[in-house]
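Q: What follows is structure28.pdb, made up of PDB, C-alpha atoms:
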```pdb
ATOM      1  CA  MET A 103     350.437  97.163 235.740
ATOM      2  CA  ASP A 104     352.988  96.343 233.027
ATOM      3  CA  ILE A 105     354.693  99.695 233.606
ATOM      4  CA  PHE A 106     355.969  98.455 236.981
ATOM      5  CA  ARG A 107     357.246  95.054 235.828
ATOM      6  CA  ARG A 108     360.621  94.069 237.202
ATOM      7  CA  LYS A 109     363.638  93.959 234.911
ATOM      8  CA  ASN A 110     367.264  93.083 235.386
ATOM      9  CA  LYS A 111     369.242  96.066 236.600
ATOM     10  CA  ILE A 112     372.861  97.057 236.129
ATOM     11  CA  VAL A 113     374.314  96.931 239.617
ATOM     12  CA  VAL A 114     377.151  99.313 240.408
ATOM     13  CA  PRO A 115     379.506  97.401 242.721
ATOM     14  CA  VAL A 116     379.791  98.472 246.351
ATOM     15  CA  ILE A 117     383.288  98.023 247.713
ATOM     16  CA  LYS A 118     383.521  96.994 251.354
ATOM     17  CA  GLY A 119     386.514  97.836 253.535
ATOM     18  CA  ASN A 120     389.304  99.969 252.092
ATOM     19  CA  GLY A 121     389.045  98.547 248.578
ATOM     20  CA  GLU A 122     392.639  97.295 248.455
ATOM     21  CA  ASN A 123     393.354  94.514 245.965
ATOM     22  CA  VAL A 124     389.765  94.693 244.700
ATOM     23  CA  LYS A 125     388.868  94.853 241.026
ATOM     24  CA  VAL A 126     385.697  96.445 239.662
ATOM     25  CA  ARG A 127     384.106  95.539 236.327
ATOM     26  CA  CYS A 128     383.294  98.594 234.217
ATOM     27  CA  ASN A 129     379.630  98.958 233.227
ATOM     28  CA  GLY A 130     380.761 100.632 230.006
ATOM     29  CA  CYS A 131     383.455  98.412 228.476
ATOM     30  CA  GLY A 132     383.374  95.401 230.801
ATOM     31  CA  ARG A 133     387.061  95.565 231.703
ATOM     32  CA  LEU A 134     388.330  94.971 235.233
ATOM     33  CA  ILE A 135     389.817  97.985 237.010
ATOM     34  CA  GLU A 136     391.774  98.152 240.248
ATOM     35  CA  TYR A 137     389.530  99.977 242.702
ATOM     36  CA  GLU A 138     392.387 102.151 243.980
ATOM     37  CA  GLU A 139     393.173 103.166 240.399
ATOM     38  CA  LEU A 140     389.499 103.970 239.833
ATOM     39  CA  LYS A 141     389.382 106.196 242.930
ATOM     40  CA  LYS A 142     392.515 108.075 241.871
ATOM     41  CA  ASN A 143     390.892 108.683 238.468
ATOM     42  CA  PHE A 144     387.781 110.287 240.056
ATOM     43  CA  LYS A 145     385.845 107.039 239.484
ATOM     44  CA  VAL A 146     386.147 107.333 235.703
ATOM     45  CA  CYS A 147     387.082 104.220 233.731
ATOM     46  CA  PRO A 148     390.622 104.738 232.349
ATOM     47  CA  TYR A 149     389.775 102.630 229.281
ATOM     48  CA  CYS A 150     386.408 103.927 228.015
ATOM     49  CA  GLY A 151     385.674 107.014 230.141
ATOM     50  CA  TYR A 152     382.583 105.518 231.799
ATOM     51  CA  HIS A 153     381.626 107.667 234.806
ATOM     52  CA  PHE A 154     380.857 105.599 237.891
ATOM     53  CA  ARG A 155     378.491 107.207 240.364
ATOM     54  CA  MET A 156     380.115 109.253 243.136
ATOM     55  CA  SER A 157     378.857 109.739 246.694
ATOM     56  CA  ALA A 158     377.880 113.178 247.991
ATOM     57  CA  ALA A 159     381.098 113.352 250.018
ATOM     58  CA  GLU A 160     383.177 112.482 246.934
ATOM     59  CA  ASN A 161     381.453 115.176 244.860
ATOM     60  CA  ILE A 162     382.109 117.733 247.597
ATOM     61  CA  ALA A 163     385.790 116.731 247.674
ATOM     62  CA  LEU A 164     385.950 116.925 243.872
ATOM     63  CA  LEU A 165     384.624 120.501 243.692
ATOM     64  CA  SER A 166     385.699 122.155 246.941
ATOM     65  CA  ASP A 167     389.106 123.519 247.777
ATOM     66  CA  LYS A 168     390.578 121.209 250.417
ATOM     67  CA  GLY A 169     389.116 121.737 253.890
ATOM     68  CA  THR A 170     386.809 124.596 252.888
ATOM     69  CA  PHE A 171     383.394 122.878 252.914
ATOM     70  CA  GLU A 172     381.364 123.707 256.008
ATOM     71  CA  GLU A 173     377.843 122.367 256.409
ATOM     72  CA  ILE A 174     375.235 124.999 257.314
ATOM     73  CA  GLY A 175     372.042 124.813 259.369
ATOM     74  CA  GLU A 176     370.714 121.970 261.465
ATOM     75  CA  PRO A 177     370.166 118.460 260.058
ATOM     76  CA  ILE A 178     366.600 117.768 258.921
ATOM     77  CA  HIS A 179     365.643 114.093 258.981
ATOM     78  CA  SER A 180     363.249 112.451 256.544
ATOM     79  CA  VAL A 181     360.145 111.168 258.349
ATOM     80  CA  ASP A 182     357.156 108.977 257.508
ATOM     81  CA  VAL A 183     354.258 111.458 257.501
ATOM     82  CA  LEU A 184     351.797 109.142 255.723
ATOM     83  CA  ASN A 185     352.542 105.825 257.488
ATOM     84  CA  PHE A 186     353.406 104.530 254.043
ATOM     85  CA  THR A 187     354.102 100.854 253.344
ATOM     86  CA  ASP A 188     355.192  99.236 250.096
ATOM     87  CA  THR A 189     357.334  96.082 250.282
ATOM     88  CA  VAL A 190     358.406  97.290 253.750
ATOM     89  CA  PRO A 191     357.156 100.134 255.991
ATOM     90  CA  TYR A 192     358.723 103.476 255.051
ATOM     91  CA  LYS A 193     359.813 104.023 258.696
ATOM     92  CA  GLU A 194     361.829 100.822 258.488
ATOM     93  CA  ARG A 195     363.304 101.757 255.116
ATOM     94  CA  LEU A 196     364.390 105.165 256.451
ATOM     95  CA  LYS A 197     366.010 103.651 259.530
ATOM     96  CA  LYS A 198     368.078 101.225 257.447
ATOM     97  CA  ILE A 199     369.157 103.750 254.832
ATOM     98  CA  LYS A 200     370.254 106.292 257.466
ATOM     99  CA  GLU A 201     372.499 103.657 259.016
ATOM    100  CA  VAL A 202     374.057 102.823 255.641
ATOM    101  CA  ALA A 203     374.254 106.263 253.986
ATOM    102  CA  LYS A 204     375.215 108.128 257.198
ATOM    103  CA  VAL A 205     373.205 111.196 256.117
ATOM    104  CA  PRO A 206     369.778 112.388 257.411
ATOM    105  CA  ASN A 207     368.268 113.000 253.955
ATOM    106  CA  ALA A 208     369.180 113.063 250.272
ATOM    107  CA  ILE A 209     371.226 116.278 250.135
ATOM    108  CA  LEU A 210     374.244 117.878 251.819
ATOM    109  CA  ILE A 211     374.466 121.687 251.856
ATOM    110  CA  GLY A 212     377.101 124.141 252.983
ATOM    111  CA  LYS A 213     379.407 127.004 252.150
ATOM    112  CA  SER A 214     382.634 126.252 250.363
ATOM    113  CA  LYS A 215     385.366 127.619 248.153
ATOM    114  CA  ILE A 216     385.765 126.510 244.559
ATOM    115  CA  GLN A 217     389.092 127.700 243.162
ATOM    116  CA  SER A 218     389.172 130.305 245.957
ATOM    117  CA  MET A 219     385.667 131.600 245.127
ATOM    118  CA  GLU A 220     383.192 131.689 248.041
ATOM    119  CA  THR A 221     380.238 129.509 247.033
ATOM    120  CA  ALA A 222     376.997 128.079 248.384
ATOM    121  CA  LEU A 223     377.125 124.370 247.552
ATOM    122  CA  GLY A 224     374.449 121.665 247.539
ATOM    123  CA  VAL A 225     375.134 118.035 246.579
ATOM    124  CA  PHE A 226     372.507 115.330 246.187
ATOM    125  CA  SER A 227     373.234 112.010 247.886
ATOM    126  CA  PHE A 228     372.163 109.215 245.503
ATOM    127  CA  GLU A 229     373.072 106.680 248.181
ATOM    128  CA  PHE A 230     370.055 107.924 250.195
ATOM    129  CA  LEU A 231     367.023 106.329 248.494
ATOM    130  CA  SER A 232     368.359 107.123 245.007
ATOM    131  CA  GLY A 233     368.591 110.834 245.832
ATOM    132  CA  THR A 234     364.819 111.154 245.720
ATOM    133  CA  LEU A 235     363.180 114.442 246.646
ATOM    134  CA  GLY A 236     361.332 114.246 249.958
ATOM    135  CA  ALA A 237     360.120 117.016 252.255
ATOM    136  CA  ALA A 238     363.391 117.161 254.236
ATOM    137  CA  THR A 239     365.485 117.272 251.055
ATOM    138  CA  GLY A 240     363.325 120.040 249.599
ATOM    139  CA  GLU A 241     363.601 122.046 252.818
ATOM    140  CA  ARG A 242     367.396 121.779 252.858
ATOM    141  CA  LEU A 243     367.665 122.651 249.154
ATOM    142  CA  THR A 244     365.510 125.742 249.741
ATOM    143  CA  GLU A 245     367.711 126.601 252.718
ATOM    144  CA  ILE A 246     370.912 126.693 250.647
ATOM    145  CA  ILE A 247     369.207 128.803 247.959
ATOM    146  CA  GLU A 248     368.055 131.334 250.567
ATOM    147  CA  PHE A 249     371.507 131.254 252.190
ATOM    148  CA  ALA A 250     373.095 132.083 248.822
ATOM    149  CA  GLN A 251     370.677 134.966 248.292
ATOM    150  CA  LYS A 252     371.149 136.392 251.803
ATOM    151  CA  ASN A 253     374.950 136.226 251.588
ATOM    152  CA  LYS A 254     375.133 137.250 247.900
ATOM    153  CA  LEU A 255     376.971 134.079 246.930
ATOM    154  CA  PRO A 256     376.886 132.099 243.677
ATOM    155  CA  LEU A 257     374.990 128.809 244.035
ATOM    156  CA  VAL A 258     376.292 125.467 242.759
ATOM    157  CA  VAL A 259     374.155 122.317 243.057
ATOM    158  CA  VAL A 260     375.161 118.812 241.948
ATOM    159  CA  PHE A 261     372.014 116.883 241.036
ATOM    160  CA  SER A 262     371.783 113.081 241.049
ATOM    161  CA  SER A 263     368.259 111.834 241.665
ATOM    162  CA  ALA A 264     365.590 109.394 240.544
ATOM    163  CA  GLY A 265     362.912 112.083 241.042
ATOM    164  CA  GLU A 266     360.223 112.597 243.652
ATOM    165  CA  ARG A 267     359.915 110.159 246.537
ATOM    166  CA  ILE A 268     356.713 108.139 246.153
ATOM    167  CA  GLN A 269     356.583 107.305 249.872
ATOM    168  CA  GLU A 270     355.925 111.002 250.605
ATOM    169  CA  SER A 271     353.360 111.539 247.817
ATOM    170  CA  ILE A 272     352.029 115.117 247.621
ATOM    171  CA  PHE A 273     354.575 116.327 250.204
ATOM    172  CA  SER A 274     357.292 115.376 247.725
ATOM    173  CA  LEU A 275     355.548 116.977 244.735
ATOM    174  CA  LEU A 276     355.087 120.255 246.604
ATOM    175  CA  GLN A 277     358.850 120.562 247.024
ATOM    176  CA  VAL A 278     359.298 121.144 243.292
ATOM    177  CA  ALA A 279     357.121 124.279 243.314
ATOM    178  CA  LYS A 280     358.699 125.536 246.542
ATOM    179  CA  VAL A 281     362.276 125.086 245.366
ATOM    180  CA  ILE A 282     361.694 126.584 241.897
ATOM    181  CA  SER A 283     360.022 129.614 243.514
ATOM    182  CA  ALA A 284     363.098 130.096 245.744
ATOM    183  CA  ILE A 285     365.393 129.769 242.711
ATOM    184  CA  GLU A 286     363.465 132.408 240.762
ATOM    185  CA  GLN A 287     363.682 134.846 243.677
ATOM    186  CA  TYR A 288     367.398 134.184 243.947
ATOM    187  CA  LYS A 289     368.002 134.667 240.217
ATOM    188  CA  ASN A 290     365.864 137.823 240.135
ATOM    189  CA  SER A 291     368.075 139.249 242.890
ATOM    190  CA  GLY A 292     371.090 138.838 240.595
ATOM    191  CA  GLY A 293     372.312 135.458 241.833
ATOM    192  CA  LEU A 294     374.109 132.921 239.649
ATOM    193  CA  PHE A 295     372.841 129.336 239.772
ATOM    194  CA  VAL A 296     375.199 126.735 238.274
ATOM    195  CA  SER A 297     373.432 123.394 237.854
ATOM    196  CA  ILE A 298     375.544 120.224 237.507
ATOM    197  CA  LEU A 299     373.778 117.101 236.245
ATOM    198  CA  ALA A 300     375.278 113.776 237.308
ATOM    199  CA  ASN A 301     373.770 110.427 236.325
ATOM    200  CA  PRO A 302     370.739 110.270 236.529
ATOM    201  CA  VAL A 303     368.569 113.387 236.958
ATOM    202  CA  LEU A 304     364.901 112.486 236.591
ATOM    203  CA  GLY A 305     361.363 113.642 237.405
ATOM    204  CA  GLY A 306     360.672 116.864 239.258
ATOM    205  CA  VAL A 307     364.328 117.127 240.237
ATOM    206  CA  ALA A 308     365.159 117.474 236.527
ATOM    207  CA  SER A 309     362.693 120.389 236.384
ATOM    208  CA  ILE A 310     364.577 122.069 239.241
ATOM    209  CA  ALA A 311     367.978 121.337 237.713
ATOM    210  CA  MET A 312     366.979 122.832 234.351
ATOM    211  CA  ALA A 313     366.281 126.178 236.060
ATOM    212  CA  GLY A 314     370.025 126.860 236.272
ATOM    213  CA  ASN A 315     371.556 129.943 234.665
ATOM    214  CA  ILE A 316     374.289 127.620 233.439
ATOM    215  CA  ILE A 317     373.695 123.869 233.123
ATOM    216  CA  ILE A 318     376.617 121.444 232.949
ATOM    217  CA  ALA A 319     376.204 117.675 232.582
ATOM    218  CA  GLU A 320     378.535 114.769 233.118
ATOM    219  CA  LYS A 321     379.238 112.469 230.189
ATOM    220  CA  ASN A 322     376.396 110.042 229.309
ATOM    221  CA  SER A 323     374.089 111.256 232.094
ATOM    222  CA  TYR A 324     370.407 110.285 231.830
ATOM    223  CA  ILE A 325     368.196 113.370 232.124
ATOM    224  CA  GLY A 326     364.408 113.587 231.782
ATOM    225  CA  LEU A 327     360.995 113.621 233.414
ATOM    226  CA  SER A 328     361.112 109.819 233.651
ATOM    227  CA  GLY A 329     363.521 106.956 233.069
ATOM    228  CA  PRO A 330     363.808 105.333 229.619
ATOM    229  CA  ARG A 331     361.615 102.319 230.455
ATOM    230  CA  ILE A 332     358.691 104.378 231.779
ATOM    231  CA  SER A 333     358.993 106.849 228.874
ATOM    232  CA  GLU A 334     358.686 103.946 226.446
ATOM    233  CA  GLN A 335     355.601 102.606 228.240
ATOM    234  CA  VAL A 336     353.865 105.988 228.184
ATOM    235  CA  MET A 337     354.779 106.828 224.565
ATOM    236  CA  LYS A 338     354.045 103.271 223.363
ATOM    237  CA  LYS A 339     357.226 103.184 221.296
ATOM    238  CA  ALA A 340     360.857 102.335 221.813
ATOM    239  CA  LEU A 341     363.291 105.149 222.470
ATOM    240  CA  SER A 342     366.863 105.118 221.275
ATOM    241  CA  LYS A 343     369.449 104.603 223.992
ATOM    242  CA  GLU A 344     370.704 108.117 223.324
ATOM    243  CA  ALA A 345     367.326 109.905 223.511
ATOM    244  CA  GLN A 346     367.638 110.987 227.136
ATOM    245  CA  LYS A 347     371.414 111.244 227.274
ATOM    246  CA  ALA A 348     373.155 114.524 228.043
ATOM    247  CA  GLU A 349     374.811 114.504 224.604
ATOM    248  CA  ASN A 350     371.394 114.595 222.907
ATOM    249  CA  LEU A 351     370.200 117.418 225.158
ATOM    250  CA  LEU A 352     373.316 119.406 224.307
ATOM    251  CA  LYS A 353     372.545 119.078 220.588
ATOM    252  CA  ALA A 354     368.994 120.301 221.273
ATOM    253  CA  GLY A 355     370.317 123.335 223.153
ATOM    254  CA  MET A 356     368.766 122.300 226.483
ATOM    255  CA  ILE A 357     372.051 122.250 228.404
ATOM    256  CA  ASP A 358     375.133 124.410 228.045
ATOM    257  CA  ALA A 359     378.033 121.985 228.281
ATOM    258  CA  ILE A 360     379.210 118.437 228.940
ATOM    259  CA  CYS A 361     382.303 118.341 231.104
ATOM    260  CA  GLU A 362     384.712 115.520 231.880
ATOM    261  CA  ARG A 363     384.785 114.901 235.628
ATOM    262  CA  HIS A 364     388.486 115.684 236.078
ATOM    263  CA  LYS A 365     387.902 119.112 234.472
ATOM    264  CA  LEU A 366     384.680 119.922 236.350
ATOM    265  CA  LYS A 367     386.209 121.967 239.164
ATOM    266  CA  GLU A 368     388.255 124.010 236.686
ATOM    267  CA  CYS A 369     385.140 124.600 234.544
ATOM    268  CA  VAL A 370     382.975 125.706 237.481
ATOM    269  CA  GLY A 371     385.790 127.856 238.857
ATOM    270  CA  PHE A 372     386.118 129.665 235.512
ATOM    271  CA  ILE A 373     382.359 130.372 235.476
ATOM    272  CA  LEU A 374     382.396 131.695 239.053
ATOM    273  CA  LYS A 375     385.389 133.969 238.417
ATOM    274  CA  SER A 376     383.827 135.320 235.214
ATOM    275  CA  TYR A 377     380.562 136.018 237.035
ATOM    276  CA  ASN A 378     382.441 137.766 239.851
ATOM    277  CA  ARG A 379     384.156 140.122 237.393
ATOM    278  CA  TRP A 380     380.823 141.051 235.820
ATOM    279  CA  ALA A 381     379.169 141.397 239.245
ATOM    280  CA  ILE A 382     381.755 144.030 240.224
TER     281      ILE A 382
END
```
Show this structure as structure tokens.

A:
Amino acid sequence: MDIFRRKNKIVVPVIKGNGENVKVRCNGCGRLIEYEELKKNFKVCPYCGYHFRMSAAENIALLSDKGTFEEIGEPIHSVDVLNFTDTVPYKERLKKIKEVAKVPNAILIGKSKIQSMETALGVFSFEFLSGTLGAATGERLTEIIEFAQKNKLPLVVVFSSAGERIQESIFSLLQVAKVISAIEQYKNSGGLFVSILANPVLGGVASIAMAGNIIIAEKNSYIGLSGPRISEQVMKKALSKEAQKAENLLKAGMIDAICERHKLKECVGFILKSYNRWAI
């Protein structure tokens, strides 16, 4: 089908080793940046403000007070329930990605402190199959929601995902209903869910992310039920480059704020402290 035709992709550079004396070309303005300088600037281009994608570990370090993040529960590994094969068997794909990403599935969860506020924190790992939502990821996301409810903690989740994982079919789709049900129970119990949208947040994961009490997006994040190319194919007309950007959603009142990365911890901390005062 034409909808699945291959196109050239923008490739975000992967830096091997410690990144010393390496320059990275910005996908926004095209300038070369020293990788060490980029890391010190929270992976934001110092010239145009383009936000490079961060790993789950980097997002945890960005938000958490130093040394306070503690993973909860036992690791749940993604498995091949359907003996699925596309260009390669799914079992093989999982084995390779686990070796590279060093995580068992597409989310890390734990308890943490954000500006001294006790918090339940979940962070999607885009490096694990584009952060797609499989059964293991859905189970762990539900686990952190239930942990937040049981311990009466605010919940913060950083979303970065290409949507449901096609290799797990219906098992992936079912996670959306399960997770949203857990979120509603948590919110009905008085819990605060702060949803942070990094680039991109697509498919059923976008549906989950938009259930937040407060929704914050990073600059120029793509957000929607599908990516721009598939949306164009379905609608049979070209979309503007800005149609699915966070800035457009803010204008439409679908999200609450767009926050620069270096101010994100301060922003979330302010929300948590305000909620705590009202909760008392």

Q: Identify which of the residues A:Leu299, A:Val181, A:Val259, A:Ala313 lies closest to Ser283 of chain A, counting all atoms listed in the file when measuring atom-to-atom distances.

A: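 Smallest separation from Ser283 of chain A among the options: A:Ala313.
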
Q: Compile the contact shell of segment 224-237 of chain A as a list in words: residues with an atom at most 6 Å away, counting all atoms listed in the file, same-chain residues fewer than 6 positions apart removed.

A: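 Near segment 224-237 of chain A, the qualifying residues are Ala158, Ala203, Ala208, Ile209, Leu210, Ile211, Val259, Val260, Phe261, Ser262, Ser263, Ala264, Gly265, Glu266, Arg267, Phe273 and Ser274 of chain A.
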
Q: Calculated over all atoms listed in the file, which of the candidates A:Gln217, A:Ser328, A:Ala300, A:Asn161 has the smallest distance to Ile360 of chain A?

A: A:Ala300

Q: Which residues, named as in the file, does the PyMOL selection byres ((chain A and resi 295) around 9) pick out? Answer as a count of residues only.

A: 17

Q: Leaving out Asn207 of chain A and any residue of its chain fewer than 6 positions from it, which residues lie within 7 Å of it when counting all atoms listed in the file, given as a VMD selection string?

A: chain A and resid 179 to 180 230 238 to 239

Q: Please determine, counting only C-alpha atoms, which residue among A:Glu320, A:Asn143, A:Leu351, A:Leu275 has the shortest atom-to-atom distance to Val307 of chain A.

A: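 Among the listed residues, A:Leu275 lies closest to Val307 of chain A.
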
Q: For a quick check of understanding, using all atoms listed in the file, which of A:Ser214, A:Asn185, A:Ser376, A:Ser342 has the smallest distance to Ala250 of chain A?

A: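 Among the listed residues, A:Ser214 lies closest to Ala250 of chain A.
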
Q: What is the distance, in Å and to one decimal place, between atom CA of Ala340 of chain A and atom CA of Ile325 of chain A?

A: 16.8 Å

Q: What is the distance between atom CA of Arg242 of chain A and atom CA of Pro177 of chain A, in Å to one decimal?

A: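 Atom CA of Pro177 of chain A lies at a distance of 8.4 Å from atom CA of Arg242 of chain A.
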
Q: So which residues get picked by the PyMOL selection byres ((chain A and resi 144-147) around 8) here, written as a JSON list (two decimals) with C-alpha atoms, in the frame of the given file?

A:
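Output file result-v3.json follows:
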```json
[["chain", "number", "residue", "atom", "x", "y", "z"],
["A", 128, "CYS", "CA", 383.29, 98.59, 234.22],
["A", 135, "ILE", "CA", 389.82, 97.98, 237.01],
["A", 140, "LEU", "CA", 389.50, 103.97, 239.83],
["A", 141, "LYS", "CA", 389.38, 106.20, 242.93],
["A", 142, "LYS", "CA", 392.52, 108.08, 241.87],
["A", 143, "ASN", "CA", 390.89, 108.68, 238.47],
["A", 148, "PRO", "CA", 390.62, 104.74, 232.35],
["A", 149, "TYR", "CA", 389.78, 102.63, 229.28],
["A", 150, "CYS", "CA", 386.41, 103.93, 228.02],
["A", 151, "GLY", "CA", 385.67, 107.01, 230.14],
["A", 152, "TYR", "CA", 382.58, 105.52, 231.80],
["A", 153, "HIS", "CA", 381.63, 107.67, 234.81],
["A", 154, "PHE", "CA", 380.86, 105.60, 237.89],
["A", 155, "ARG", "CA", 378.49, 107.21, 240.36],
["A", 156, "MET", "CA", 380.12, 109.25, 243.14],
["A", 164, "LEU", "CA", 385.95, 116.92, 243.87],
["A", 363, "ARG", "CA", 384.78, 114.90, 235.63],
["A", 364, "HIS", "CA", 388.49, 115.68, 236.08]]
```

Q: With the file shown as input, list the residues that the PyMOL selection byres ((chain A and resi 367) around 12) selects, as number ranges by chain.

A: A: 144, 161-167, 215-219, 258, 260, 298, 318, 361-366, 368-374

Q: For segment 155-181 of chain A, where the input has fewer atoms than it should, I would like N, CA and C atoms rebuilt and written as a PDB file, in the coordinates of the input.

A:
```
ATOM      1  N   ARG A 155     379.177 106.264 239.479  1.00  0.00           N
ATOM      2  CA  ARG A 155     378.491 107.207 240.364  1.00  0.00           C
ATOM      3  C   ARG A 155     379.365 107.542 241.571  1.00  0.00           C
ATOM      4  N   MET A 156     379.354 108.810 241.965  1.00  0.00           N
ATOM      5  CA  MET A 156     380.115 109.253 243.136  1.00  0.00           C
ATOM      6  C   MET A 156     379.158 109.553 244.287  1.00  0.00           C
ATOM      7  N   SER A 157     379.643 109.390 245.510  1.00  0.00           N
ATOM      8  CA  SER A 157     378.857 109.739 246.694  1.00  0.00           C
ATOM      9  C   SER A 157     378.835 111.251 246.854  1.00  0.00           C
ATOM     10  N   ALA A 158     377.947 111.738 247.732  1.00  0.00           N
ATOM     11  CA  ALA A 158     377.880 113.178 247.991  1.00  0.00           C
ATOM     12  C   ALA A 158     379.212 113.691 248.523  1.00  0.00           C
ATOM     13  N   ALA A 159     379.815 112.938 249.441  1.00  0.00           N
ATOM     14  CA  ALA A 159     381.098 113.352 250.018  1.00  0.00           C
ATOM     15  C   ALA A 159     382.192 113.424 248.949  1.00  0.00           C
ATOM     16  N   GLU A 160     382.181 112.486 248.011  1.00  0.00           N
ATOM     17  CA  GLU A 160     383.177 112.482 246.934  1.00  0.00           C
ATOM     18  C   GLU A 160     382.982 113.668 245.999  1.00  0.00           C
ATOM     19  N   ASN A 161     381.725 114.015 245.715  1.00  0.00           N
ATOM     20  CA  ASN A 161     381.453 115.176 244.860  1.00  0.00           C
ATOM     21  C   ASN A 161     381.877 116.476 245.536  1.00  0.00           C
ATOM     22  N   ILE A 162     381.669 116.551 246.849  1.00  0.00           N
ATOM     23  CA  ILE A 162     382.109 117.733 247.597  1.00  0.00           C
ATOM     24  C   ILE A 162     383.628 117.852 247.532  1.00  0.00           C
ATOM     25  N   ALA A 163     384.324 116.736 247.732  1.00  0.00           N
ATOM     26  CA  ALA A 163     385.790 116.731 247.674  1.00  0.00           C
ATOM     27  C   ALA A 163     386.295 117.083 246.273  1.00  0.00           C
ATOM     28  N   LEU A 164     385.571 116.646 245.262  1.00  0.00           N
ATOM     29  CA  LEU A 164     385.950 116.925 243.872  1.00  0.00           C
ATOM     30  C   LEU A 164     385.900 118.426 243.574  1.00  0.00           C
ATOM     31  N   LEU A 165     384.844 119.097 244.044  1.00  0.00           N
ATOM     32  CA  LEU A 165     384.624 120.501 243.692  1.00  0.00           C
ATOM     33  C   LEU A 165     385.277 121.490 244.646  1.00  0.00           C
ATOM     34  N   SER A 166     385.265 121.184 245.933  1.00  0.00           N
ATOM     35  CA  SER A 166     385.699 122.155 246.941  1.00  0.00           C
ATOM     36  C   SER A 166     387.213 122.209 247.087  1.00  0.00           C
ATOM     37  N   ASP A 167     387.714 123.401 247.358  1.00  0.00           N
ATOM     38  CA  ASP A 167     389.106 123.519 247.777  1.00  0.00           C
ATOM     39  C   ASP A 167     389.260 122.753 249.089  1.00  0.00           C
ATOM     40  N   LYS A 168     390.385 122.106 249.272  1.00  0.00           N
ATOM     41  CA  LYS A 168     390.578 121.209 250.417  1.00  0.00           C
ATOM     42  C   LYS A 168     390.288 121.902 251.751  1.00  0.00           C
ATOM     43  N   GLY A 169     389.410 121.270 252.536  1.00  0.00           N
ATOM     44  CA  GLY A 169     389.116 121.737 253.890  1.00  0.00           C
ATOM     45  C   GLY A 169     388.215 122.954 253.982  1.00  0.00           C
ATOM     46  N   THR A 170     387.602 123.359 252.856  1.00  0.00           N
ATOM     47  CA  THR A 170     386.809 124.596 252.888  1.00  0.00           C
ATOM     48  C   THR A 170     385.301 124.359 253.037  1.00  0.00           C
ATOM     49  N   PHE A 171     384.843 123.119 252.825  1.00  0.00           N
ATOM     50  CA  PHE A 171     383.394 122.878 252.914  1.00  0.00           C
ATOM     51  C   PHE A 171     382.952 122.859 254.369  1.00  0.00           C
ATOM     52  N   GLU A 172     381.909 123.628 254.651  1.00  0.00           N
ATOM     53  CA  GLU A 172     381.364 123.707 256.008  1.00  0.00           C
ATOM     54  C   GLU A 172     379.835 123.618 255.922  1.00  0.00           C
ATOM     55  N   GLU A 173     379.294 122.560 256.470  1.00  0.00           N
ATOM     56  CA  GLU A 173     377.843 122.367 256.409  1.00  0.00           C
ATOM     57  C   GLU A 173     377.136 123.476 257.180  1.00  0.00           C
ATOM     58  N   ILE A 174     375.991 123.930 256.649  1.00  0.00           N
ATOM     59  CA  ILE A 174     375.235 124.999 257.314  1.00  0.00           C
ATOM     60  C   ILE A 174     373.909 124.463 257.854  1.00  0.00           C
ATOM     61  N   GLY A 175     373.354 125.165 258.838  1.00  0.00           N
ATOM     62  CA  GLY A 175     372.042 124.813 259.369  1.00  0.00           C
ATOM     63  C   GLY A 175     372.058 123.538 260.190  1.00  0.00           C
ATOM     64  N   GLU A 176     370.884 123.185 260.669  1.00  0.00           N
ATOM     65  CA  GLU A 176     370.714 121.970 261.465  1.00  0.00           C
ATOM     66  C   GLU A 176     370.223 120.827 260.576  1.00  0.00           C
ATOM     67  N   PRO A 177     370.648 119.605 260.859  1.00  0.00           N
ATOM     68  CA  PRO A 177     370.166 118.460 260.058  1.00  0.00           C
ATOM     69  C   PRO A 177     368.643 118.337 260.122  1.00  0.00           C
ATOM     70  N   ILE A 178     368.037 118.026 258.985  1.00  0.00           N
ATOM     71  CA  ILE A 178     366.600 117.768 258.921  1.00  0.00           C
ATOM     72  C   ILE A 178     366.418 116.324 258.465  1.00  0.00           C
ATOM     73  N   HIS A 179     365.778 115.518 259.285  1.00  0.00           N
ATOM     74  CA  HIS A 179     365.643 114.093 258.981  1.00  0.00           C
ATOM     75  C   HIS A 179     364.349 113.807 258.223  1.00  0.00           C
ATOM     76  N   SER A 180     364.445 112.933 257.236  1.00  0.00           N
ATOM     77  CA  SER A 180     363.249 112.451 256.544  1.00  0.00           C
ATOM     78  C   SER A 180     362.394 111.650 257.511  1.00  0.00           C
ATOM     79  N   VAL A 181     361.071 111.873 257.458  1.00  0.00           N
ATOM     80  CA  VAL A 181     360.145 111.168 258.349  1.00  0.00           C
ATOM     81  C   VAL A 181     358.981 110.589 257.547  1.00  0.00           C
TER      82      VAL A 181
END
```
